[in-house]
Amino acid sequence: MNFRYLYLLVFVSLSSIYYSQKIDSLQHSSFVLTGGAEYGKVLATNIHLKILENKNYVGYSFQFLKQATGKKEWERQYNFPQYGIGFFAFDFLENKQMGSPFAVYGIYNAKLRQWGKLKWYHNIDFGISFNSNPFNNDTQYYNTSVGSKTNMFISLGTGLYYELGRYFDIGLNLKFNHLSNGSLKIPNKGLNTVAPQLSIVYYPERINPKLSDTIPIIHKKYNTLEFSVFGGKKDSFYRGDKRDDLKLYEGYDYSIYGAEAFYMRQYSPKSAYGLGVGVTMDEQYNHTMYVSDSTLYQKKRFSNNQPLVSIIPTYRLMMDRLYINIGAGYYVFKKSRKYDSPAFFQRIGLQYQITDRFFAAFGINAYDMHIANYLEWKLGYTFHKKERK
């Protein structure tokens with residue numbers, strides 16, 4: 001990838017913002033531009049990565065952010081964060097066979113502490129990456145890190161920033177990046193990198209919001225009853241006898257769908273907890289794969305499809321209309337067999353309140369605390385919303 005065009009775009013953006021600021025000095029700007037570069041290593045989390053002689057990589061990022069000013073109540077509750085969109089590009093240097101992934105993602109930066117001109121931030125990035133080189137039996141490319149060209153991109157970071165003057169900060173961060181597809185396509189062992197990152201931050205107009213000394217607002221708290229339907233897909237490969245007769249990751253795609261009801265109790269302006277029950281139809285659970293004459297087949301496991309009934313305690317973190325749901329559940333009547341995922345599962349997802357009643361959500365269902373089972377897309381409705389006294 002030719003990064004000269006990226007640098008030119010950044011330069012033109014900075015120049016135009018600076019020029020417009022000079023023309024109208026009365027117009028306040030809460031936007032922030034950030035550029036960064038990192039040099040680190042691919043973590044050897046599977047056998048195919050361990051044999052790489054050189055695991056170094058380079059990463060480049062560009063971000064367009066908005067500095068919260070406190071006009072909205074949630075911005076004050078979360079200590080005036082920065083949020084926006086970003087672009088990230090990988091260069092695997094001597095391992096070009098891994099592809100040239102690039103990602104587009106949403107950003108949440110939060111300031112933890114400040115000592116004069118020195119600031120400590122942590123950040124969470126979540127988005128989609130493209131252009132990975134996936135595992136392929138036909139081309140004899142056997143890196144099991146990712147099985148698809150398109151993957152989720154998750155990045156976590158923390159670092160220190162120093163104010164160089166009126167317009168610029170310089171930052172030094174520690175970054176962790178993760179690529180995976182949520183088991184939409186096997187293999188999906190995940191690609192993980194870690195690196196220090198050097199970044200430059202440009203403020204067209206530096207805004208330093210401060211907590212108000214006015215009387216705090218008494219926040220309303222609610223108990224809600226929510227109902228939702230969800231769906232997803234996953235790729236599953238055969239793991240039984242005569243596996244040597246097949247390709248390494250030969251299997252079937254399966255659909256998952258179901259419905260859930262949650263009762264949530266809000267106990268602070270930012271948090272709620274609750275309990276949910278769900279009914280899930282999992283095609284993989286209701287089928288069995290077998291090999292005959294070096295060919296893979298599947299058949300129904302039960303005479304009638306068996307639903308999975310789950311109980312799901314959940315914690316919710318709320319930022320205005322955006323919620324982060326973290327839960328752990330258990331399939332109470334699941335009949336386990338060899339190679340099945342366990343009955344205990346974990347979930348994390350994003351929920352957005354489109355209106356006061358309707359919401360949409362996206363999340364990951366996982367097991368063993370780190371293995372993605374499938375991605376789930378959800379639509380829901382809040383039937384009951386009662387203010388707590």
# chains A, B, ... in the order shown; residues from 1 in each chain; ligands from 1
>>> residues_around(residues="stretch 47-53 of chain A", least_positions_apart="4", cutoff="12 Å", atoms="only C-alpha atoms", output="list in words")
Lys41, Val42, Leu43, Phe92, Leu93, Glu94, Asn95, Lys96, Gln97, Met98, Phe135, Tyr141, Tyr142, Asn143, Thr144, Ser145, Val146, Lys189, Gly190, Leu191, Asn192 and Thr193 of chain A
>>> write_last_selection(atoms="N, CA and C atoms", output="PDB file, in the first residue's frame")
ATOM      1  N   LYS A  41       5.165  -6.789  17.094  1.00  0.00           N
ATOM      2  CA  LYS A  41       5.261  -8.201  16.742  1.00  0.00           C
ATOM      3  C   LYS A  41       3.887  -8.843  16.654  1.00  0.00           C
ATOM      4  N   VAL A  42       3.804  -9.835  15.768  1.00  0.00           N
ATOM      5  CA  VAL A  42       2.661 -10.729  15.719  1.00  0.00           C
ATOM      6  C   VAL A  42       2.858 -11.779  16.802  1.00  0.00           C
ATOM      7  N   LEU A  43       1.862 -11.974  17.657  1.00  0.00           N
ATOM      8  CA  LEU A  43       1.976 -12.960  18.731  1.00  0.00           C
ATOM      9  C   LEU A  43       1.800 -14.364  18.165  1.00  0.00           C
ATOM     10  N   PHE A  92       2.925  -6.348   7.034  1.00  0.00           N
ATOM     11  CA  PHE A  92       3.591  -7.466   7.680  1.00  0.00           C
ATOM     12  C   PHE A  92       5.033  -7.670   7.205  1.00  0.00           C
ATOM     13  N   LEU A  93       5.595  -6.700   6.515  1.00  0.00           N
ATOM     14  CA  LEU A  93       7.010  -6.646   6.157  1.00  0.00           C
ATOM     15  C   LEU A  93       7.440  -7.891   5.407  1.00  0.00           C
ATOM     16  N   GLU A  94       8.128  -8.823   6.029  1.00  0.00           N
ATOM     17  CA  GLU A  94       8.661 -10.001   5.331  1.00  0.00           C
ATOM     18  C   GLU A  94       7.625 -11.116   5.179  1.00  0.00           C
ATOM     19  N   ASN A  95       6.398 -10.891   5.642  1.00  0.00           N
ATOM     20  CA  ASN A  95       5.357 -11.924   5.550  1.00  0.00           C
ATOM     21  C   ASN A  95       4.170 -11.397   4.740  1.00  0.00           C
ATOM     22  N   LYS A  96       4.451 -10.973   3.519  1.00  0.00           N
ATOM     23  CA  LYS A  96       3.425 -10.408   2.663  1.00  0.00           C
ATOM     24  C   LYS A  96       2.333 -11.426   2.338  1.00  0.00           C
ATOM     25  N   GLN A  97       2.624 -12.727   2.495  1.00  0.00           N
ATOM     26  CA  GLN A  97       1.624 -13.743   2.204  1.00  0.00           C
ATOM     27  C   GLN A  97       0.424 -13.654   3.148  1.00  0.00           C
ATOM     28  N   MET A  98       0.563 -12.931   4.257  1.00  0.00           N
ATOM     29  CA  MET A  98      -0.544 -12.771   5.191  1.00  0.00           C
ATOM     30  C   MET A  98      -1.538 -11.719   4.722  1.00  0.00           C
ATOM     31  N   PHE A 135      -6.666 -18.734   5.294  1.00  0.00           N
ATOM     32  CA  PHE A 135      -6.304 -20.135   5.123  1.00  0.00           C
ATOM     33  C   PHE A 135      -6.959 -20.673   3.847  1.00  0.00           C
ATOM     34  N   TYR A 141      -1.957 -22.525   1.432  1.00  0.00           N
ATOM     35  CA  TYR A 141      -1.639 -21.501   2.427  1.00  0.00           C
ATOM     36  C   TYR A 141      -2.324 -21.922   3.720  1.00  0.00           C
ATOM     37  N   TYR A 142      -1.526 -22.354   4.709  1.00  0.00           N
ATOM     38  CA  TYR A 142      -2.065 -23.051   5.877  1.00  0.00           C
ATOM     39  C   TYR A 142      -2.018 -22.238   7.174  1.00  0.00           C
ATOM     40  N   ASN A 143      -1.908 -20.924   7.072  1.00  0.00           N
ATOM     41  CA  ASN A 143      -1.946 -20.123   8.287  1.00  0.00           C
ATOM     42  C   ASN A 143      -3.378 -20.145   8.837  1.00  0.00           C
ATOM     43  N   THR A 144      -3.557 -20.724  10.021  1.00  0.00           N
ATOM     44  CA  THR A 144      -4.895 -20.917  10.587  1.00  0.00           C
ATOM     45  C   THR A 144      -5.392 -19.717  11.389  1.00  0.00           C
ATOM     46  N   SER A 145      -4.696 -18.588  11.312  1.00  0.00           N
ATOM     47  CA  SER A 145      -5.096 -17.425  12.108  1.00  0.00           C
ATOM     48  C   SER A 145      -6.482 -16.914  11.710  1.00  0.00           C
ATOM     49  N   VAL A 146      -6.727 -16.750  10.413  1.00  0.00           N
ATOM     50  CA  VAL A 146      -8.024 -16.275   9.941  1.00  0.00           C
ATOM     51  C   VAL A 146      -8.475 -17.121   8.758  1.00  0.00           C
ATOM     52  N   LYS A 189      -8.515 -18.960  14.519  1.00  0.00           N
ATOM     53  CA  LYS A 189      -7.723 -18.907  15.747  1.00  0.00           C
ATOM     54  C   LYS A 189      -7.399 -17.473  16.157  1.00  0.00           C
ATOM     55  N   GLY A 190      -7.528 -16.525  15.226  1.00  0.00           N
ATOM     56  CA  GLY A 190      -7.306 -15.125  15.546  1.00  0.00           C
ATOM     57  C   GLY A 190      -5.879 -14.689  15.287  1.00  0.00           C
ATOM     58  N   LEU A 191      -5.732 -13.432  14.869  1.00  0.00           N
ATOM     59  CA  LEU A 191      -4.423 -12.826  14.646  1.00  0.00           C
ATOM     60  C   LEU A 191      -4.263 -11.694  15.644  1.00  0.00           C
ATOM     61  N   ASN A 192      -3.232 -11.769  16.478  1.00  0.00           N
ATOM     62  CA  ASN A 192      -3.020 -10.801  17.550  1.00  0.00           C
ATOM     63  C   ASN A 192      -1.656 -10.142  17.405  1.00  0.00           C
ATOM     64  N   THR A 193      -1.614  -8.840  17.639  1.00  0.00           N
ATOM     65  CA  THR A 193      -0.352  -8.101  17.579  1.00  0.00           C
ATOM     66  C   THR A 193      -0.243  -7.188  18.802  1.00  0.00           C
TER      67      THR A 193
END
>>> select_by_dssp(residues="stretch 87-176 of chain A", states="strand (DSSP E)", output="PyMOL selection string")
chain A and resi 87-91+99-115+118-132+151-163+168-176
>>> write_last_selection(atoms="C-alpha atoms", output="PDB file, in the first residue's frame")
ATOM      1  CA  PHE A  87      -8.464   4.000   9.670  1.00  0.00           C
ATOM      2  CA  PHE A  88      -5.695   1.467  10.358  1.00  0.00           C
ATOM      3  CA  ALA A  89      -3.382  -0.381   7.924  1.00  0.00           C
ATOM      4  CA  PHE A  90      -1.092  -3.367   8.595  1.00  0.00           C
ATOM      5  CA  ASP A  91       2.208  -4.021   6.814  1.00  0.00           C
ATOM      6  CA  GLY A  99      -2.106 -10.020   3.100  1.00  0.00           C
ATOM      7  CA  SER A 100      -2.358  -6.275   3.728  1.00  0.00           C
ATOM      8  CA  PRO A 101      -5.322  -5.862   6.096  1.00  0.00           C
ATOM      9  CA  PHE A 102      -6.797  -2.434   6.696  1.00  0.00           C
ATOM     10  CA  ALA A 103      -9.585  -1.521   9.102  1.00  0.00           C
ATOM     11  CA  VAL A 104     -12.301   1.092   9.534  1.00  0.00           C
ATOM     12  CA  TYR A 105     -13.495   1.425  13.110  1.00  0.00           C
ATOM     13  CA  GLY A 106     -15.213   3.431  15.818  1.00  0.00           C
ATOM     14  CA  ILE A 107     -13.153   4.959  18.648  1.00  0.00           C
ATOM     15  CA  TYR A 108     -13.648   5.687  22.320  1.00  0.00           C
ATOM     16  CA  ASN A 109     -10.813   7.504  24.141  1.00  0.00           C
ATOM     17  CA  ALA A 110     -11.095   8.232  27.855  1.00  0.00           C
ATOM     18  CA  LYS A 111      -8.755  10.330  29.987  1.00  0.00           C
ATOM     19  CA  LEU A 112      -7.794   8.600  33.230  1.00  0.00           C
ATOM     20  CA  ARG A 113      -5.539  11.208  34.874  1.00  0.00           C
ATOM     21  CA  GLN A 114      -3.773  14.494  34.140  1.00  0.00           C
ATOM     22  CA  TRP A 115      -0.681  16.034  35.713  1.00  0.00           C
ATOM     23  CA  LEU A 118       0.929  15.244  30.899  1.00  0.00           C
ATOM     24  CA  LYS A 119      -2.208  13.153  30.310  1.00  0.00           C
ATOM     25  CA  TRP A 120      -2.970   9.445  30.624  1.00  0.00           C
ATOM     26  CA  TYR A 121      -5.561   7.978  28.212  1.00  0.00           C
ATOM     27  CA  HIS A 122      -6.920   4.551  27.419  1.00  0.00           C
ATOM     28  CA  ASN A 123      -8.807   3.655  24.243  1.00  0.00           C
ATOM     29  CA  ILE A 124     -11.078   1.020  22.715  1.00  0.00           C
ATOM     30  CA  ASP A 125     -11.455   0.638  18.920  1.00  0.00           C
ATOM     31  CA  PHE A 126     -14.022  -1.653  17.285  1.00  0.00           C
ATOM     32  CA  GLY A 127     -14.680  -2.103  13.572  1.00  0.00           C
ATOM     33  CA  ILE A 128     -14.189  -4.180  10.420  1.00  0.00           C
ATOM     34  CA  SER A 129     -10.976  -5.145   8.626  1.00  0.00           C
ATOM     35  CA  PHE A 130     -10.554  -6.135   4.981  1.00  0.00           C
ATOM     36  CA  ASN A 131      -7.949  -7.731   2.711  1.00  0.00           C
ATOM     37  CA  SER A 132      -6.524 -10.475   4.942  1.00  0.00           C
ATOM     38  CA  ASN A 151     -12.790  -9.831   9.937  1.00  0.00           C
ATOM     39  CA  MET A 152     -13.634  -7.924  13.065  1.00  0.00           C
ATOM     40  CA  PHE A 153     -10.984  -5.474  14.229  1.00  0.00           C
ATOM     41  CA  ILE A 154     -10.594  -4.845  17.964  1.00  0.00           C
ATOM     42  CA  SER A 155      -7.840  -2.678  19.419  1.00  0.00           C
ATOM     43  CA  LEU A 156      -7.067  -1.810  23.042  1.00  0.00           C
ATOM     44  CA  GLY A 157      -4.505   0.749  24.097  1.00  0.00           C
ATOM     45  CA  THR A 158      -3.219   2.937  26.869  1.00  0.00           C
ATOM     46  CA  GLY A 159      -0.619   5.692  26.826  1.00  0.00           C
ATOM     47  CA  LEU A 160       0.717   9.055  27.894  1.00  0.00           C
ATOM     48  CA  TYR A 161       0.301  12.322  25.979  1.00  0.00           C
ATOM     49  CA  TYR A 162       2.196  15.582  26.436  1.00  0.00           C
ATOM     50  CA  GLU A 163       0.968  19.005  25.325  1.00  0.00           C
ATOM     51  CA  PHE A 168      -0.345  19.649  19.269  1.00  0.00           C
ATOM     52  CA  ASP A 169       0.118  16.707  21.638  1.00  0.00           C
ATOM     53  CA  ILE A 170       2.646  13.903  21.273  1.00  0.00           C
ATOM     54  CA  GLY A 171       1.745  10.467  22.592  1.00  0.00           C
ATOM     55  CA  LEU A 172       3.387   7.133  23.384  1.00  0.00           C
ATOM     56  CA  ASN A 173       0.976   4.182  23.641  1.00  0.00           C
ATOM     57  CA  LEU A 174       0.998   0.433  24.138  1.00  0.00           C
ATOM     58  CA  LYS A 175      -1.380  -1.184  21.624  1.00  0.00           C
ATOM     59  CA  PHE A 176      -2.980  -4.633  21.313  1.00  0.00           C
TER      60      PHE A 176
END
>>> closest_residue(among="A:Leu375, A:Val58, A:Leu246, A:Ala68", to="A:Tyr297", atoms="only C-alpha atoms")
A:Leu246
>>> atom_distance(atom1="atom CA of A:Tyr167", atom2="atom CA of A:Pro196")
23.4 Å
>>> atom_distance(atom1="atom CA of A:Asn54", atom2="atom CA of A:Ala195")
14.7 Å
>>> residues_around(residues="A:Val291", least_positions_apart="2", cutoff="8 Å", atoms="only C-alpha atoms", output="list in words")
Asp241, Lys242, Arg243, Met289, Asp293, Ser294, Thr295, Leu296 and Tyr297 of chain A
>>> atom_distance(atom1="atom CA of A:Glu75", atom2="atom CA of A:Ser30")
13.2 Å
>>> closest_residue(among="A:Arg166, A:Arg206, A:His384, A:Lys299", to="A:Asp356", atoms="only C-alpha atoms")
A:His384
>>> select_by_dssp(residues="stretch 52-109 of chain A", states="helix (DSSP H, G or I)", output="PyMOL selection string")
chain A and resi 73-77+96-98
>>> write_last_selection(atoms="N, CA, C and O atoms", output="JSON list (two decimals), in the first residue's frame")
[["chain", "number", "residue", "atom", "x", "y", "z"],
["A", 73, "GLU", "N", -25.37, 15.13, 29.07],
["A", 73, "GLU", "CA", -25.15, 14.65, 30.43],
["A", 73, "GLU", "C", -24.19, 13.46, 30.48],
["A", 73, "GLU", "O", -23.34, 13.36, 31.35],
["A", 74, "TRP", "N", -24.31, 12.54, 29.49],
["A", 74, "TRP", "CA", -23.46, 11.36, 29.52],
["A", 74, "TRP", "C", -21.98, 11.73, 29.33],
["A", 74, "TRP", "O", -21.10, 11.02, 29.84],
["A", 75, "GLU", "N", -21.70, 12.81, 28.62],
["A", 75, "GLU", "CA", -20.31, 13.24, 28.44],
["A", 75, "GLU", "C", -19.68, 13.65, 29.77],
["A", 75, "GLU", "O", -18.51, 13.37, 30.03],
["A", 76, "ARG", "N", -20.46, 14.31, 30.62],
["A", 76, "ARG", "CA", -19.95, 14.68, 31.94],
["A", 76, "ARG", "C", -19.78, 13.45, 32.83],
["A", 76, "ARG", "O", -18.84, 13.36, 33.61],
["A", 77, "GLN", "N", -20.70, 12.50, 32.70],
["A", 77, "GLN", "CA", -20.62, 11.28, 33.50],
["A", 77, "GLN", "C", -19.35, 10.49, 33.20],
["A", 77, "GLN", "O", -18.78, 9.85, 34.09],
["A", 96, "LYS", "N", 4.45, -10.97, 3.52],
["A", 96, "LYS", "CA", 3.43, -10.41, 2.66],
["A", 96, "LYS", "C", 2.33, -11.43, 2.34],
["A", 96, "LYS", "O", 1.21, -11.04, 1.94],
["A", 97, "GLN", "N", 2.62, -12.73, 2.49],
["A", 97, "GLN", "CA", 1.62, -13.74, 2.20],
["A", 97, "GLN", "C", 0.42, -13.65, 3.15],
["A", 97, "GLN", "O", -0.64, -14.21, 2.87],
["A", 98, "MET", "N", 0.56, -12.93, 4.26],
["A", 98, "MET", "CA", -0.54, -12.77, 5.19],
["A", 98, "MET", "C", -1.54, -11.72, 4.72],
["A", 98, "MET", "O", -2.58, -11.53, 5.34]]
>>> closest_residue(among="A:Phe227, A:Phe237, A:Tyr267, A:Trp377", to="A:Asp253", atoms="only C-alpha atoms")
A:Phe237
>>> closest_residue(among="A:Tyr238, A:Tyr57, A:Tyr367, A:Phe362", to="A:Gly251", atoms="only C-alpha atoms")
A:Tyr238
